[in-house]
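Pasted below: entry_20.tsv, TSV, C-alpha atoms.
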chain	number	residue	atom	x	y	z
A	1	MET	CA	9.13	45.64	1.62
A	2	GLY	CA	5.36	46.26	2.03
A	3	ASN	CA	2.61	43.84	1.04
A	4	ASN	CA	1.39	46.05	-1.77
A	5	GLU	CA	4.92	46.29	-3.05
A	6	LEU	CA	4.87	42.56	-3.97
A	7	GLN	CA	1.60	43.00	-5.84
A	8	LYS	CA	3.01	46.03	-7.62
A	9	ILE	CA	6.08	44.08	-8.78
A	10	TRP	CA	3.85	41.20	-9.87
A	11	ARG	CA	1.67	43.50	-11.97
A	12	SER	CA	4.68	44.24	-14.16
A	13	ILE	CA	4.54	40.64	-15.41
A	14	ASP	CA	1.68	41.71	-17.69
A	15	LEU	CA	4.22	43.66	-19.75
A	16	GLU	CA	6.29	40.50	-20.21
A	17	ILE	CA	3.40	38.37	-21.43
A	18	THR	CA	2.83	38.18	-25.16
A	19	GLN	CA	-0.89	38.08	-25.86
A	20	ILE	CA	-1.90	35.37	-28.32
A	21	PRO	CA	-4.32	36.52	-31.05
A	22	LYS	CA	-7.76	34.89	-31.17
A	23	ASP	CA	-7.14	33.00	-34.40
A	24	GLU	CA	-3.98	31.44	-32.91
A	25	LEU	CA	-5.90	30.49	-29.77
A	26	GLU	CA	-8.42	28.74	-31.99
A	27	LEU	CA	-5.60	26.94	-33.76
A	28	LEU	CA	-4.15	25.82	-30.41
A	29	LEU	CA	-7.53	24.49	-29.33
A	30	THR	CA	-8.18	22.70	-32.61
A	31	SER	CA	-4.78	21.04	-32.74
A	32	LYS	CA	-4.99	19.93	-29.08
A	33	ALA	CA	-8.48	18.50	-29.62
A	34	ARG	CA	-7.25	16.68	-32.72
A	35	GLN	CA	-4.22	15.30	-30.83
A	36	THR	CA	-6.44	14.00	-28.03
A	37	VAL	CA	-8.89	12.37	-30.43
A	38	ASN	CA	-6.03	10.80	-32.39
A	39	LYS	CA	-4.45	9.48	-29.18
A	40	PHE	CA	-7.76	8.01	-28.09
A	41	LEU	CA	-8.38	6.49	-31.52
A	42	SER	CA	-4.90	4.99	-31.74
A	43	ILE	CA	-5.28	3.39	-28.30
A	44	ILE	CA	-8.68	1.99	-29.25
A	45	ILE	CA	-7.43	0.75	-32.63
A	46	ILE	CA	-4.37	-0.97	-31.08
A	47	ASP	CA	-6.60	-2.53	-28.40
A	48	ILE	CA	-9.07	-3.76	-30.99
A	49	ILE	CA	-6.31	-5.17	-33.22
A	50	VAL	CA	-4.67	-7.01	-30.29
A	51	CYS	CA	-8.02	-8.26	-29.04
A	52	ALA	CA	-9.15	-9.34	-32.52
A	53	GLY	CA	-5.78	-11.01	-33.16
A	54	VAL	CA	-5.84	-13.05	-29.97
A	55	LEU	CA	-9.52	-13.96	-30.39
A	56	SER	CA	-9.04	-15.01	-34.03
A	57	TYR	CA	-6.06	-17.13	-33.07
A	58	VAL	CA	-7.99	-18.70	-30.19
A	59	THR	CA	-11.05	-19.40	-32.37
A	60	ILE	CA	-9.09	-20.85	-35.29
A	61	THR	CA	-6.87	-23.08	-33.16
A	62	THR	CA	-9.79	-24.25	-31.04
A	63	LEU	CA	-11.92	-25.13	-34.08
A	64	ASP	CA	-8.97	-26.89	-35.63
A	65	ARG	CA	-8.32	-28.95	-32.51
A	66	LYS	CA	-11.80	-29.61	-31.17
A	67	GLU	CA	-10.78	-32.97	-29.76
A	68	ASP	CA	-8.24	-31.45	-27.35
A	69	LEU	CA	-10.26	-30.43	-24.29
A	70	ILE	CA	-7.31	-29.06	-22.34
A	71	LEU	CA	-6.23	-26.84	-25.23
A	72	LEU	CA	-9.84	-25.68	-25.46
A	73	ILE	CA	-9.88	-24.70	-21.76
A	74	ASN	CA	-6.46	-23.04	-22.12
A	75	ASN	CA	-7.61	-21.00	-25.13
A	76	LEU	CA	-10.93	-20.10	-23.55
A	77	SER	CA	-9.14	-18.73	-20.45
A	78	LEU	CA	-6.78	-16.84	-22.75
A	79	GLY	CA	-9.70	-15.27	-24.64
A	80	ILE	CA	-11.58	-14.27	-21.50
A	81	ILE	CA	-8.53	-12.76	-19.78
A	82	THR	CA	-7.65	-10.81	-22.94
A	83	ILE	CA	-11.13	-9.32	-23.33
A	84	VAL	CA	-11.47	-8.46	-19.63
A	85	ALA	CA	-7.99	-6.90	-19.47
A	86	LEU	CA	-8.50	-4.78	-22.56
A	87	LEU	CA	-11.97	-3.62	-21.59
A	88	SER	CA	-10.94	-2.70	-18.04
A	89	GLY	CA	-7.85	-0.91	-19.38
A	90	LEU	CA	-9.97	1.14	-21.79
A	91	PHE	CA	-12.52	1.88	-19.08
A	92	SER	CA	-10.00	3.19	-16.54
A	93	TRP	CA	-8.28	5.30	-19.23
A	94	TYR	CA	-11.65	6.78	-20.18
A	95	LYS	CA	-12.44	7.52	-16.52
A	96	LEU	CA	-9.15	9.34	-16.03
A	97	GLN	CA	-9.66	11.35	-19.22
A	98	ASN	CA	-13.04	12.49	-17.98
A	99	ASN	CA	-11.67	13.81	-14.72
A	100	LYS	CA	-13.29	17.24	-14.28
A	101	PHE	CA	-10.86	20.10	-13.79
A	102	ASP	CA	-13.47	22.80	-13.12
A	103	GLN	CA	-13.66	22.40	-9.34
A	104	PRO	CA	-11.71	23.58	-6.31
A	105	LEU	CA	-8.19	22.14	-6.10
A	106	ARG	CA	-9.05	20.21	-2.93
A	107	ASN	CA	-12.07	18.49	-4.54
A	108	TRP	CA	-10.15	17.81	-7.74
A	109	LEU	CA	-7.37	16.12	-5.73
A	110	GLU	CA	-9.93	14.05	-3.80
A	111	VAL	CA	-11.56	12.77	-6.99
A	112	ARG	CA	-8.23	12.06	-8.67
A	113	ILE	CA	-6.89	10.19	-5.62
A	114	ARG	CA	-10.10	8.16	-5.34
A	115	LEU	CA	-9.89	7.20	-9.01
A	116	LEU	CA	-6.24	6.14	-8.84
A	117	SER	CA	-6.63	4.41	-5.46
A	118	LYS	CA	-9.40	2.18	-6.75
A	119	GLY	CA	-7.08	0.61	-9.29
A	120	LEU	CA	-3.91	0.66	-7.24
A	121	THR	CA	-4.86	-0.14	-3.67
A	122	GLY	CA	-8.29	-1.76	-4.05
A	123	ARG	CA	-9.10	-5.40	-3.36
A	124	PHE	CA	-8.05	-6.61	-6.84
A	125	SER	CA	-5.32	-4.04	-7.33
A	126	LYS	CA	-2.49	-6.56	-7.55
A	127	LEU	CA	-4.43	-9.02	-9.68
A	128	TYR	CA	-2.89	-7.90	-12.95
A	129	LEU	CA	0.60	-8.40	-11.52
A	130	TYR	CA	-0.16	-12.12	-11.48
A	131	LEU	CA	-2.51	-12.14	-14.45
A	132	ILE	CA	0.10	-10.90	-16.93
A	133	PRO	CA	2.53	-13.80	-16.26
A	134	VAL	CA	-0.43	-16.23	-16.37
A	135	LEU	CA	-1.47	-14.75	-19.72
A	136	TYR	CA	2.07	-15.18	-20.96
A	137	VAL	CA	2.18	-18.86	-19.93
A	138	LEU	CA	-1.22	-19.53	-21.51
A	139	ILE	CA	-0.12	-17.97	-24.82
A	140	VAL	CA	3.18	-19.86	-24.87
A	141	LEU	CA	1.46	-23.15	-24.08
A	142	SER	CA	-1.26	-22.59	-26.65
A	143	ILE	CA	1.16	-21.73	-29.49
A	144	HIS	CA	3.57	-24.48	-28.56
A	145	VAL	CA	0.91	-27.20	-28.34
A	146	TYR	CA	-0.82	-26.08	-31.55
A	147	PHE	CA	2.32	-26.13	-33.68
A	148	GLU	CA	3.50	-29.46	-32.27
A	149	HIS	CA	0.36	-31.00	-33.87
A	150	LYS	CA	-0.17	-33.24	-30.86
A	151	LEU	CA	-2.59	-33.34	-27.94
A	152	PHE	CA	-1.90	-30.98	-25.04
A	153	LEU	CA	-0.96	-33.70	-22.57
A	154	GLU	CA	1.19	-35.53	-25.13
A	155	VAL	CA	3.18	-32.41	-25.86
A	156	LEU	CA	3.82	-31.83	-22.19
A	157	LYS	CA	5.19	-35.35	-21.91
A	158	THR	CA	7.96	-34.86	-24.51
A	159	GLU	CA	11.37	-34.06	-23.16
A	160	GLU	CA	12.16	-31.16	-25.55
A	161	SER	CA	8.90	-29.42	-24.74
A	162	LEU	CA	9.46	-29.75	-21.04
A	163	ILE	CA	13.01	-28.39	-21.28
A	164	ALA	CA	11.85	-25.49	-23.48
A	165	LEU	CA	9.01	-24.71	-21.13
A	166	PHE	CA	11.21	-24.87	-18.05
A	167	VAL	CA	13.71	-22.49	-19.63
A	168	ALA	CA	11.39	-20.09	-21.48
A	169	ALA	CA	8.55	-19.90	-18.98
A	170	PRO	CA	10.53	-18.59	-15.96
A	171	ILE	CA	12.31	-15.99	-18.11
A	172	GLY	CA	9.02	-14.81	-19.63
A	173	ILE	CA	7.25	-14.84	-16.28
A	174	PHE	CA	10.05	-12.83	-14.70
A	175	VAL	CA	10.14	-10.25	-17.54
A	176	SER	CA	6.36	-9.79	-17.64
A	177	TYR	CA	6.10	-9.62	-13.84
A	178	TYR	CA	8.97	-7.13	-13.67
A	179	GLY	CA	7.37	-4.97	-16.39
A	180	ALA	CA	3.97	-4.97	-14.68
A	181	ARG	CA	5.61	-4.15	-11.35
A	182	LYS	CA	7.51	-1.24	-12.83
A	183	ILE	CA	4.28	0.26	-14.24
A	184	ARG	CA	2.57	-0.21	-10.90
A	185	LYS	CA	5.45	1.49	-9.09
A	186	TYR	CA	5.21	4.47	-11.44
A	187	LYS	CA	1.46	4.78	-10.86
A	188	LEU	CA	1.93	4.43	-7.10
A	189	SER	CA	4.48	7.24	-6.99
A	190	ASN	CA	1.96	9.34	-8.93
A	191	LEU	CA	-0.68	8.54	-6.34
A	192	GLU	CA	1.71	9.29	-3.47
A	193	PHE	CA	2.49	12.69	-4.94
A	194	LEU	CA	-1.23	13.54	-5.15
A	195	LYS	CA	-1.81	12.32	-1.59
A	196	ASP	CA	1.09	14.44	-0.37
A	197	LEU	CA	-0.38	17.49	-2.15
A	198	TYR	CA	-3.81	16.77	-0.70
A	199	GLY	CA	-2.29	16.46	2.77
A	200	ARG	CA	-0.71	19.86	2.33
A	201	VAL	CA	-3.99	21.40	1.11
A	202	ILE	CA	-6.05	20.20	4.06
A	203	ASN	CA	-3.36	20.87	6.60
A	204	GLU	CA	-4.72	23.79	8.66
A	205	ARG	CA	-1.35	24.78	10.09
U	1	MET	CA	-17.42	29.34	-36.53
U	2	ASN	CA	-20.35	28.56	-34.23
U	3	SER	CA	-21.43	31.03	-31.55
U	4	THR	CA	-20.39	28.91	-28.54
U	5	LYS	CA	-16.86	28.56	-29.84
U	6	GLU	CA	-16.76	32.25	-30.76
U	7	GLU	CA	-17.96	33.15	-27.27
U	8	PHE	CA	-15.41	30.81	-25.67
U	9	LEU	CA	-12.54	32.23	-27.71
U	10	GLU	CA	-13.59	35.74	-26.78
U	11	ILE	CA	-13.44	34.85	-23.08
U	12	LEU	CA	-10.16	33.04	-23.55
U	13	SER	CA	-8.69	35.98	-25.37
U	14	ASN	CA	-9.69	38.36	-22.58
U	15	TYR	CA	-8.55	36.12	-19.73
U	16	GLN	CA	-5.47	34.49	-21.28
U	17	GLY	CA	-3.22	36.38	-18.86
U	18	ILE	CA	-4.32	33.97	-16.12
U	19	LEU	CA	-3.25	30.96	-18.20
U	20	HIS	CA	0.14	32.54	-18.89
U	21	LYS	CA	0.72	33.43	-15.24
U	22	VAL	CA	-0.29	30.01	-13.90
U	23	SER	CA	2.00	28.39	-16.48
U	24	ILE	CA	4.87	30.69	-15.47
U	25	ILE	CA	4.65	29.90	-11.76
U	26	TYR	CA	4.68	26.16	-12.43
U	27	PHE	CA	7.03	25.80	-15.40
U	28	LYS	CA	10.33	27.58	-15.95
U	29	ASN	CA	10.96	25.94	-19.28
U	30	ALA	CA	9.37	27.60	-22.34
U	31	SER	CA	8.26	24.43	-24.12
U	32	ASP	CA	6.67	23.07	-20.92
U	33	ARG	CA	4.77	26.34	-20.56
U	34	VAL	CA	3.49	26.17	-24.14
U	35	ASP	CA	2.34	22.57	-23.65
U	36	ASN	CA	0.69	23.50	-20.37
U	37	PHE	CA	-1.02	26.53	-21.88
U	38	GLN	CA	-2.45	24.37	-24.67
U	39	GLU	CA	-3.64	21.72	-22.22
U	40	ILE	CA	-5.39	24.37	-20.10
U	41	VAL	CA	-7.13	25.77	-23.20
U	42	TYR	CA	-8.38	22.29	-24.01
U	43	GLN	CA	-9.57	21.57	-20.46
U	44	LEU	CA	-11.36	24.93	-20.35
U	45	TRP	CA	-13.09	24.15	-23.64
U	46	LYS	CA	-14.16	20.73	-22.31
U	47	SER	CA	-15.71	22.22	-19.17
U	48	TYR	CA	-17.11	25.35	-20.82
U	49	PRO	CA	-20.59	23.91	-21.59
U	50	LYS	CA	-21.04	23.19	-17.86
U	51	LEU	CA	-20.07	26.68	-16.76
U	52	GLN	CA	-23.21	27.86	-14.99
U	53	ASN	CA	-22.26	31.18	-13.46
U	54	LYS	CA	-20.88	33.49	-16.12
U	55	ASN	CA	-20.15	36.04	-13.41
U	56	SER	CA	-17.39	33.90	-11.98
U	57	ILE	CA	-15.46	33.24	-15.16
U	58	GLY	CA	-12.20	34.34	-13.52
U	59	SER	CA	-12.52	31.79	-10.70
U	60	TRP	CA	-13.41	29.06	-13.18
U	61	ILE	CA	-10.33	29.83	-15.28
U	62	TYR	CA	-8.05	29.92	-12.23
U	63	ALA	CA	-9.41	26.58	-10.95
U	64	VAL	CA	-9.03	24.78	-14.28
U	65	SER	CA	-5.59	26.31	-14.89
U	66	ILE	CA	-4.24	25.39	-11.45
U	67	ASN	CA	-5.64	21.85	-11.48
U	68	THR	CA	-4.38	21.20	-15.01
U	69	SER	CA	-0.91	22.55	-14.19
U	70	ILE	CA	-0.66	20.45	-11.04
U	71	SER	CA	-1.68	17.35	-12.96
U	72	ARG	CA	1.13	18.10	-15.42
U	73	ILE	CA	3.79	19.12	-12.90
U	74	LYS	CA	3.25	15.75	-11.27
U	75	ILE	CA	4.02	13.97	-14.56
U	76	LYS	CA	7.12	16.09	-15.12
U	77	LYS	CA	8.31	15.63	-11.54
U	78	ILE	CA	8.04	11.84	-11.61
U	79	SER	CA	9.62	11.48	-15.04
U	80	ARG	CA	12.44	13.80	-13.96
U	81	ILE	CA	13.14	11.63	-10.90
U	82	GLU	CA	13.33	8.54	-13.12
U	83	TYR	CA	15.51	10.40	-15.63
U	84	ARG	CA	18.00	11.68	-13.06
U	85	GLU	CA	18.79	8.12	-12.03
U	86	THR	CA	20.82	7.80	-15.22
U	87	LEU	CA	21.54	11.34	-16.42
U	88	PRO	CA	22.06	13.93	-13.69
U	89	ASP	CA	22.24	17.71	-14.13
U	90	ILE	CA	20.39	18.21	-17.38
U	91	PRO	CA	19.70	21.96	-17.60
U	92	ASP	CA	16.41	23.29	-18.97
U	93	SER	CA	16.73	24.56	-22.53
U	94	SER	CA	15.11	27.96	-22.25
U	95	ASP	CA	14.60	29.42	-18.82
U	96	ILE	CA	11.93	31.97	-17.83
U	97	PHE	CA	14.66	34.22	-16.39
U	98	GLU	CA	16.34	34.48	-19.79
U	99	GLU	CA	13.05	35.49	-21.37
U	100	LEU	CA	12.17	38.22	-18.92
U	101	SER	CA	13.47	41.68	-19.71
U	102	LYS	CA	15.71	43.55	-17.27
U	103	ASN	CA	13.01	43.64	-14.60
U	104	GLU	CA	15.22	42.49	-11.74
U	105	SER	CA	12.55	42.88	-9.03
U	106	LEU	CA	10.22	40.59	-10.95
U	107	LYS	CA	12.98	38.06	-11.40
U	108	LEU	CA	13.67	38.09	-7.66
U	109	LEU	CA	9.98	37.71	-6.89
U	110	LEU	CA	9.59	34.83	-9.33
U	111	ASN	CA	12.65	33.13	-7.96
U	112	ALA	CA	11.17	33.38	-4.45
U	113	ILE	CA	7.82	32.01	-5.71
U	114	TYR	CA	9.63	28.98	-7.17
U	115	GLU	CA	10.91	28.22	-3.67
U	116	LEU	CA	7.33	27.72	-2.43
U	117	ASP	CA	5.55	24.38	-2.67
U	118	GLU	CA	2.92	23.72	-5.37
U	119	ILE	CA	-0.06	24.67	-3.20
U	120	ASP	CA	1.41	27.87	-1.76
U	121	ARG	CA	2.45	28.93	-5.26
U	122	SER	CA	-1.20	28.90	-6.39
U	123	ILE	CA	-2.34	30.71	-3.28
U	124	MET	CA	0.35	33.37	-3.71
U	125	LEU	CA	-0.51	33.81	-7.38
U	126	LEU	CA	-4.13	34.47	-6.46
U	127	TYR	CA	-3.04	36.85	-3.75
U	128	LEU	CA	-0.66	38.71	-6.08
U	129	ASP	CA	-3.46	38.93	-8.66
U	130	GLU	CA	-5.43	40.72	-5.94
U	131	LYS	CA	-8.10	38.11	-5.39
U	132	SER	CA	-10.04	38.31	-2.14
U	133	TYR	CA	-9.57	35.69	0.59
U	134	ASP	CA	-13.08	34.45	-0.17
U	135	GLU	CA	-12.24	33.86	-3.82
U	136	ILE	CA	-8.94	32.17	-2.96
U	137	ALA	CA	-10.70	29.92	-0.44
U	138	GLU	CA	-13.27	28.97	-3.09
U	139	ILE	CA	-10.71	28.22	-5.81
U	140	ILE	CA	-8.40	26.15	-3.59
U	141	GLY	CA	-11.16	24.60	-1.48
U	142	ILE	CA	-9.81	25.58	1.96
U	143	SER	CA	-11.11	27.83	4.73
U	144	LYS	CA	-10.69	31.60	4.63
U	145	SER	CA	-8.66	31.56	7.84
U	146	ASN	CA	-6.31	28.96	6.39
U	147	VAL	CA	-5.87	31.20	3.34
U	148	GLY	CA	-4.83	34.03	5.64
U	149	VAL	CA	-2.32	31.90	7.53
U	150	ARG	CA	-0.79	30.52	4.35
U	151	ILE	CA	-0.52	33.90	2.67
U	152	SER	CA	1.22	35.55	5.58
U	153	ARG	CA	3.66	32.65	5.89
U	154	ALA	CA	4.35	32.60	2.12
U	155	LYS	CA	4.84	36.37	2.08
U	156	GLU	CA	7.39	36.08	4.87
U	157	SER	CA	9.22	33.37	2.99
U	158	ILE	CA	9.21	35.44	-0.22
U	159	LYS	CA	10.47	38.55	1.53
U	160	GLN	CA	13.20	36.52	3.21
U	161	ASN	CA	14.24	35.00	-0.10
U	162	ILE	CA	14.31	38.38	-1.84
U	163	LYS	CA	16.46	39.85	0.96
U	164	ASN	CA	18.97	37.03	0.67

Go ahead and express the file in the form of structure tokens.
Amino acid sequence: MGNNELQKIWRSIDLEITQIPKDELELLLTSKARQTVNKFLSIIIIDIIVCAGVLSYVTITTLDRKEDLILLINNLSLGIITIVALLSGLFSWYKLQNNKFDQPLRNWLEVRIRLLSKGLTGRFSKLYLYLIPVLYVLIVLSIHVYFEHKLFLEVLKTEESLIALFVAAPIGIFVSYYGARKIRKYKLSNLEFLKDLYGRVINER
Amino acid sequence: MNSTKEEFLEILSNYQGILHKVSIIYFKNASDRVDNFQEIVYQLWKSYPKLQNKNSIGSWIYAVSINTSISRIKIKKISRIEYRETLPDIPDSSDIFEELSKNESLKLLLNAIYELDEIDRSIMLLYLDEKSYDEIAEIIGISKSNVGVRISRAKESIKQNIKN
């Protein structure tokens, strides 16, 4: 089979392709753009609701229990971690969405790998693995102490609270750590796939 | 409709064959191809305002189509690996080979293309679409000599697969 023969066979694919009329192409574009905007908006709205919810809770409980310094510190840490986590999440999502596709495959892979590597293998890449369980503990402590209507240290001294914390905290920490690890593993396999592709592109065999 | 969008749709309408072909070489399943086609249209529209050289529209469309498809094949591949851990042997609903007419040579060629890796598939598509080595090198981002080596190796592999 000659080289031109392959190209000749390939040309026949044009007969198999159904051309989409211009008005349908426009419809495809409009619906995809709408989907993307809706996805972006729903992520932002959920983030804002979660953030506002946590911050309102933190503000209300802190104002209500001004005398409890430890609860204040606990809630303040909770608020800061929540805001930082949500903002950095939104920022990295936005960065990935703005990845430019109009460049050579090799360059596109380089940019994509750099973007993903920053979050997954950078200096603070594993921080959220530990931050999520910490966030969980802070929330549990804050809610528990607030609804016990006692000072933070007093609550921690009661037997029931200690038992509950010793049982609930490890389970929650394990679940949240496992969940975060699973997400990280998925992202890492994604990154590995891109690196493998890049390796094959630059390989001048 | 504004003139930019009208102009874009005109280009898209004329060059849509590229989008279809790139989708075919990466996705056998019809619904995956439709999703991929739509995603490429959207990515092209996003990068259209920055398109400087209107003489290289073809290369621009190939680059965006290939990059978009690879970004999607990666998602499919990973999710399929996860899926197979619990449910093995799930066949695709509608296969490209069922859709093609009785063009047996094309089916054989496509089958051989599916045996190539993701990068060589793009290079072979560009070659089969009669792009020059210079254009292929520019779209993929590798040297012209590397294009030559890869094409001759991929052609050998395709011919071997067709023979078998």

Atomic distance atom CA of A:His149 - atom CA of A:Gly53, expressed in Å with one decimal:
20.9 Å

Between U:Lys28, U:Val41, U:Arg72, U:Ala112, smallest distance to U:Ser13 by only C-alpha atoms belongs to U:Val41

Contacts between chain A and chain U, please, where a residue of chain U counts if it comes within 6 Å (with all atoms listed in the file); show its shortest atom pair and distance in Å to one decimal, rows by chain and ascending number, as JSON lines.
{"residue": "U:Ser13", "atom": "CA", "partner": "A:Lys22", "partner_atom": "CA", "distance": 6.0}
{"residue": "U:Tyr42", "atom": "CA", "partner": "A:Leu29", "partner_atom": "CA", "distance": 5.8}
{"residue": "U:Ala63", "atom": "CA", "partner": "A:Asp102", "partner_atom": "CA", "distance": 6.0}
{"residue": "U:Val64", "atom": "CA", "partner": "A:Asp102", "partner_atom": "CA", "distance": 5.0}
{"residue": "U:Asn67", "atom": "CA", "partner": "A:Leu105", "partner_atom": "CA", "distance": 6.0}
{"residue": "U:Leu106", "atom": "CA", "partner": "A:Ile9", "partner_atom": "CA", "distance": 5.8}
{"residue": "U:Leu128", "atom": "CA", "partner": "A:Gln7", "partner_atom": "CA", "distance": 4.9}
{"residue": "U:Ile139", "atom": "CA", "partner": "A:Pro104", "partner_atom": "CA", "distance": 4.8}
{"residue": "U:Ile140", "atom": "CA", "partner": "A:Leu105", "partner_atom": "CA", "distance": 4.7}
{"residue": "U:Gly141", "atom": "CA", "partner": "A:Pro104", "partner_atom": "CA", "distance": 5.0}
{"residue": "U:Asn146", "atom": "CA", "partner": "A:Glu204", "partner_atom": "CA", "distance": 5.9}

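Taking atom CA of U:Ser143 as the reference point, atom CA of A:Ile113 is found at 20.9 Å.
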
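The residue that comes closest to U:Val22, out of U:Leu51, U:Ile66, U:Leu108, U:Val149 and on the basis of all atoms listed in the file, is U:Ile66.
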
Would you mind listing what lies within 10 Å of U:Tyr48 as a PDB file with C-alpha atoms, in the coordinates of the input, with all atoms listed in the file counted and same-chain residues fewer than 3 positions away left out?
ATOM      1  CA  ASP A 102     -13.470  22.800 -13.120  1.00  0.00           C
TER       2      ASP A 102
ATOM      3  CA  THR U   4     -20.390  28.910 -28.540  1.00  0.00           C
ATOM      4  CA  LYS U   5     -16.860  28.560 -29.840  1.00  0.00           C
ATOM      5  CA  PHE U   8     -15.410  30.810 -25.670  1.00  0.00           C
ATOM      6  CA  TYR U  42      -8.380  22.290 -24.010  1.00  0.00           C
ATOM      7  CA  GLN U  43      -9.570  21.570 -20.460  1.00  0.00           C
ATOM      8  CA  LEU U  44     -11.360  24.930 -20.350  1.00  0.00           C
ATOM      9  CA  TRP U  45     -13.090  24.150 -23.640  1.00  0.00           C
ATOM     10  CA  LEU U  51     -20.070  26.680 -16.760  1.00  0.00           C
ATOM     11  CA  GLN U  52     -23.210  27.860 -14.990  1.00  0.00           C
ATOM     12  CA  ILE U  57     -15.460  33.240 -15.160  1.00  0.00           C
ATOM     13  CA  TRP U  60     -13.410  29.060 -13.180  1.00  0.00           C
ATOM     14  CA  ILE U  61     -10.330  29.830 -15.280  1.00  0.00           C
TER      15      ILE U  61
END

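Picture a line from atom CA of A:Leu156 to atom CA of A:Leu72; it runs 15.3 Å.
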
Residues within 12 Å of A:Phe40, only C-alpha atoms, excluding chain neighbours under 4 positions, as a ChimeraX atom specification
/A:33-36,44-47,90-91,93-94,97

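Using all atoms listed in the file for every distance, the candidate list A:Lys118, A:Lys66, A:Ile81, A:Val140 yields A:Ile81 as the residue closest to A:Cys51.
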
From the set U:Ile119, U:Asn29, U:Asn53, U:Glu6, which residue has the shortest atom-to-atom contact distance to U:Glu98, counting all atoms listed in the file?
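The shortest atom-to-atom distance to U:Glu98 comes from U:Asn29.
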
Here is a test: counting all atoms listed in the file, which residue of A:Ile60, A:Leu135, A:Leu188, A:Leu41 is nearest to A:Val84?
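Closest to A:Val84, using all atoms listed in the file: A:Leu135.
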